[in-house]
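Asks: Let me give you the structure first, and then I'll get to my questions.
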Amino acid sequence: MLCFDDFVSEPLAIRNGIDQGCPLSVIFYLLYNAPLIRIADPDRRELCIGYIDDVTLIAWGRSFEETHSALADMIVRRGGAMDWSRSHNSTFEFDKTACIDFTRRREPDPERLRKTRPVAREDLSWEGSSVATVAQHTFLGVLIDQELNWKAHANRALAKGTNWVSQVYRIARTTYGVSARVARKLYVSIAIPRFSYAADIWFRPVVTGQNGRLSGSIGVARKLARIQRTAALTILGGMRSTPTASLDAHARLLPMHLLLNQTCARAAIRLASHPEMHPLHTAVRQSSRGRKSHRTPLHDILALVDIPPTRFAKLTRRNPRLPAPTRSFPPKKNAITLAKSDRSATQVWVDGSHGGSGVSAALVLVEHGRVTETLGVKIGQPKEYSVLDSEIIALRLAIHLLRPMLILENVTIFSDSQEAVRLVDPESGKPTLPLAVTTAKELKLLRRRNGGIQITLSWAPGHSGLRYGDLVDAEARLAADGKDYGDRLPITFSRALPAPVDPGYYKICLTQSYREEAERYWLSTDSGTKYQSRYHGSNAHLFLDHIEGLSRRKHQQKWILLWGALKHFKAPKSSKASTSNVQFLKHYTVL
């Protein structure tokens, strides 16, 4: 149906394929192409991969003749690709189809002495039709090479990056154009995603080996660093003689090898958080064991993450209609009064600790006004769990402590975290945080087992003079320092340890760790050392804040004054680099 202005046409039947303008077309294509995907027989070393309207047939064997025969059979056999095409009235566009034969086997080159070339390959043909065999082909935006290397795609990424950086340069010249902050935002949000697309496949992370030498795709990182250098010069309006490390630091950009490493690490976390029903779940679990030789890209990117994939919380689909959890709380003074006047026979005060010693959860059990139990557990490190995680785990510890108890009177669980109480026991809505979802289910089960007994989850402000609140706070700090509670922890709670790690929070900590590593890298360079000796105690990453609101001409002048070198424009031009046309500024005045 066509709709524009005040005109609405009659419904038009789609006789070929599926309407791609509909938002549901992605789901419809999964159903439409399902019979085509099923034509492959894994027992015969066949595989079929589909993504919307792109379908790939794969066969492996000992020779190209064997694989070509298998591919031709998948196309022409009964129930094969051609039968699907006729039954679904969807013709294949063979001019957009290509065949690529993967092998690293080479043969002597007769035209070059002592040189080799890829083995000869023939076109794929069947029943009078044929598809050309190519050396490289693009699949879902990734350029795949017949020898299974990524040099061609790395060169394409370099070309893409150069093109996008040149577009940024068009609107942010040295002395006029958009501000440095806007230019940086354009580079970070547009250029970087373009040239780093699928970097977890074609880029091998740069790491330091046991011998202290760097290994990985060092050459690719150096080539792409030239792109970022141009972008940083555009952002800052700096001089070409400025060291690359200084440009990255002042433009608040990660060095290229750290930037691509971070991209790979984030991809690894995303893969590790897939649920068990995901097709890649088994491959991720097996690759996390590591391998000394013949490592795949999956092995390399998982090695960047310190936590095994099995420890990450599995993210599932969230119902968009599901309302967010809500709960109202009284003012702080009223909450303190309510906590002091609570007359529950059993009270459980919980708290979490998050600091340099680690992350912990603790509780204090009060029965009839007397402390009968104190428990705590160290659950991990600050880069693994957030403050909210520690508070929710403390609530979970209280629930597991109450589970085997014979509860005859009302129980109140006090926590000093409003967010934890809101997620675990909301008045309306449901939580989506995996740890909160599990804890909320356990609380619901505890209430069901003790029907008629009121189990209340309340907020008690922390550090407000409440006796048991201060006591559990001190207990949480002791647990973080490593206090041993022996076998006093509930068995069901101990079996649930270690608690799942939230992928979203871990990505935040990962970003911070890469920023700190970039700072150390900058200070280890000659330019960083000179900068610190000249401006001791200053932070290069704050330069963008200092030039906020200035025109590009003025912030370029500030950059020149900062680095203490000014080009003498009246000096004669020379084809060779020379320091004779540079004036060093020892004193300057900022008005």
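In the structure tokens, each chain is lettered A, B, ... as it comes, each chain's residues begin at 1, and ligands are numbered from 1 in order of appearance.
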I'd like to know which residues of range 442-549 of chain A are strand (DSSP E) (by DSSP, run on the backbone); could you write them as a compact mmCIF listing (two decimals) with C-alpha atoms, in the first residue's frame?
Replies:
```txt
# COMPACT_ATOMS: atom_id res chain seq x y z
CA ILE A 455 8.09 -10.87 55.56
CA THR A 456 8.77 -7.19 54.92
CA LEU A 457 11.65 -5.61 53.03
CA SER A 458 12.28 -2.07 54.27
CA TRP A 459 14.71 0.78 53.72
```
Asks: Near Ser428 in chain A, counting only C-alpha atoms, which residues have an atom at most 10 Å away, once you skip same-chain residues fewer than 6 positions from it, shown as a list in words?
Replies: Pro323, Ala324, Pro325, Thr326, Arg327 and Arg422 of chain A
Asks: Please measure the separation of CA of Leu542 in chain A and CA of Pro243 in chain A, giving the value in Å to one decimal.
Replies: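 The value is 17.9 Å.
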Asks: Give me every helix (DSSP H, G or I) residue in range 193-281 of chain A, going by DSSP on the backbone, as a PyMOL selection string.
Replies: chain A and resi 193-195+199-202+218-236+244-250+256-272+281
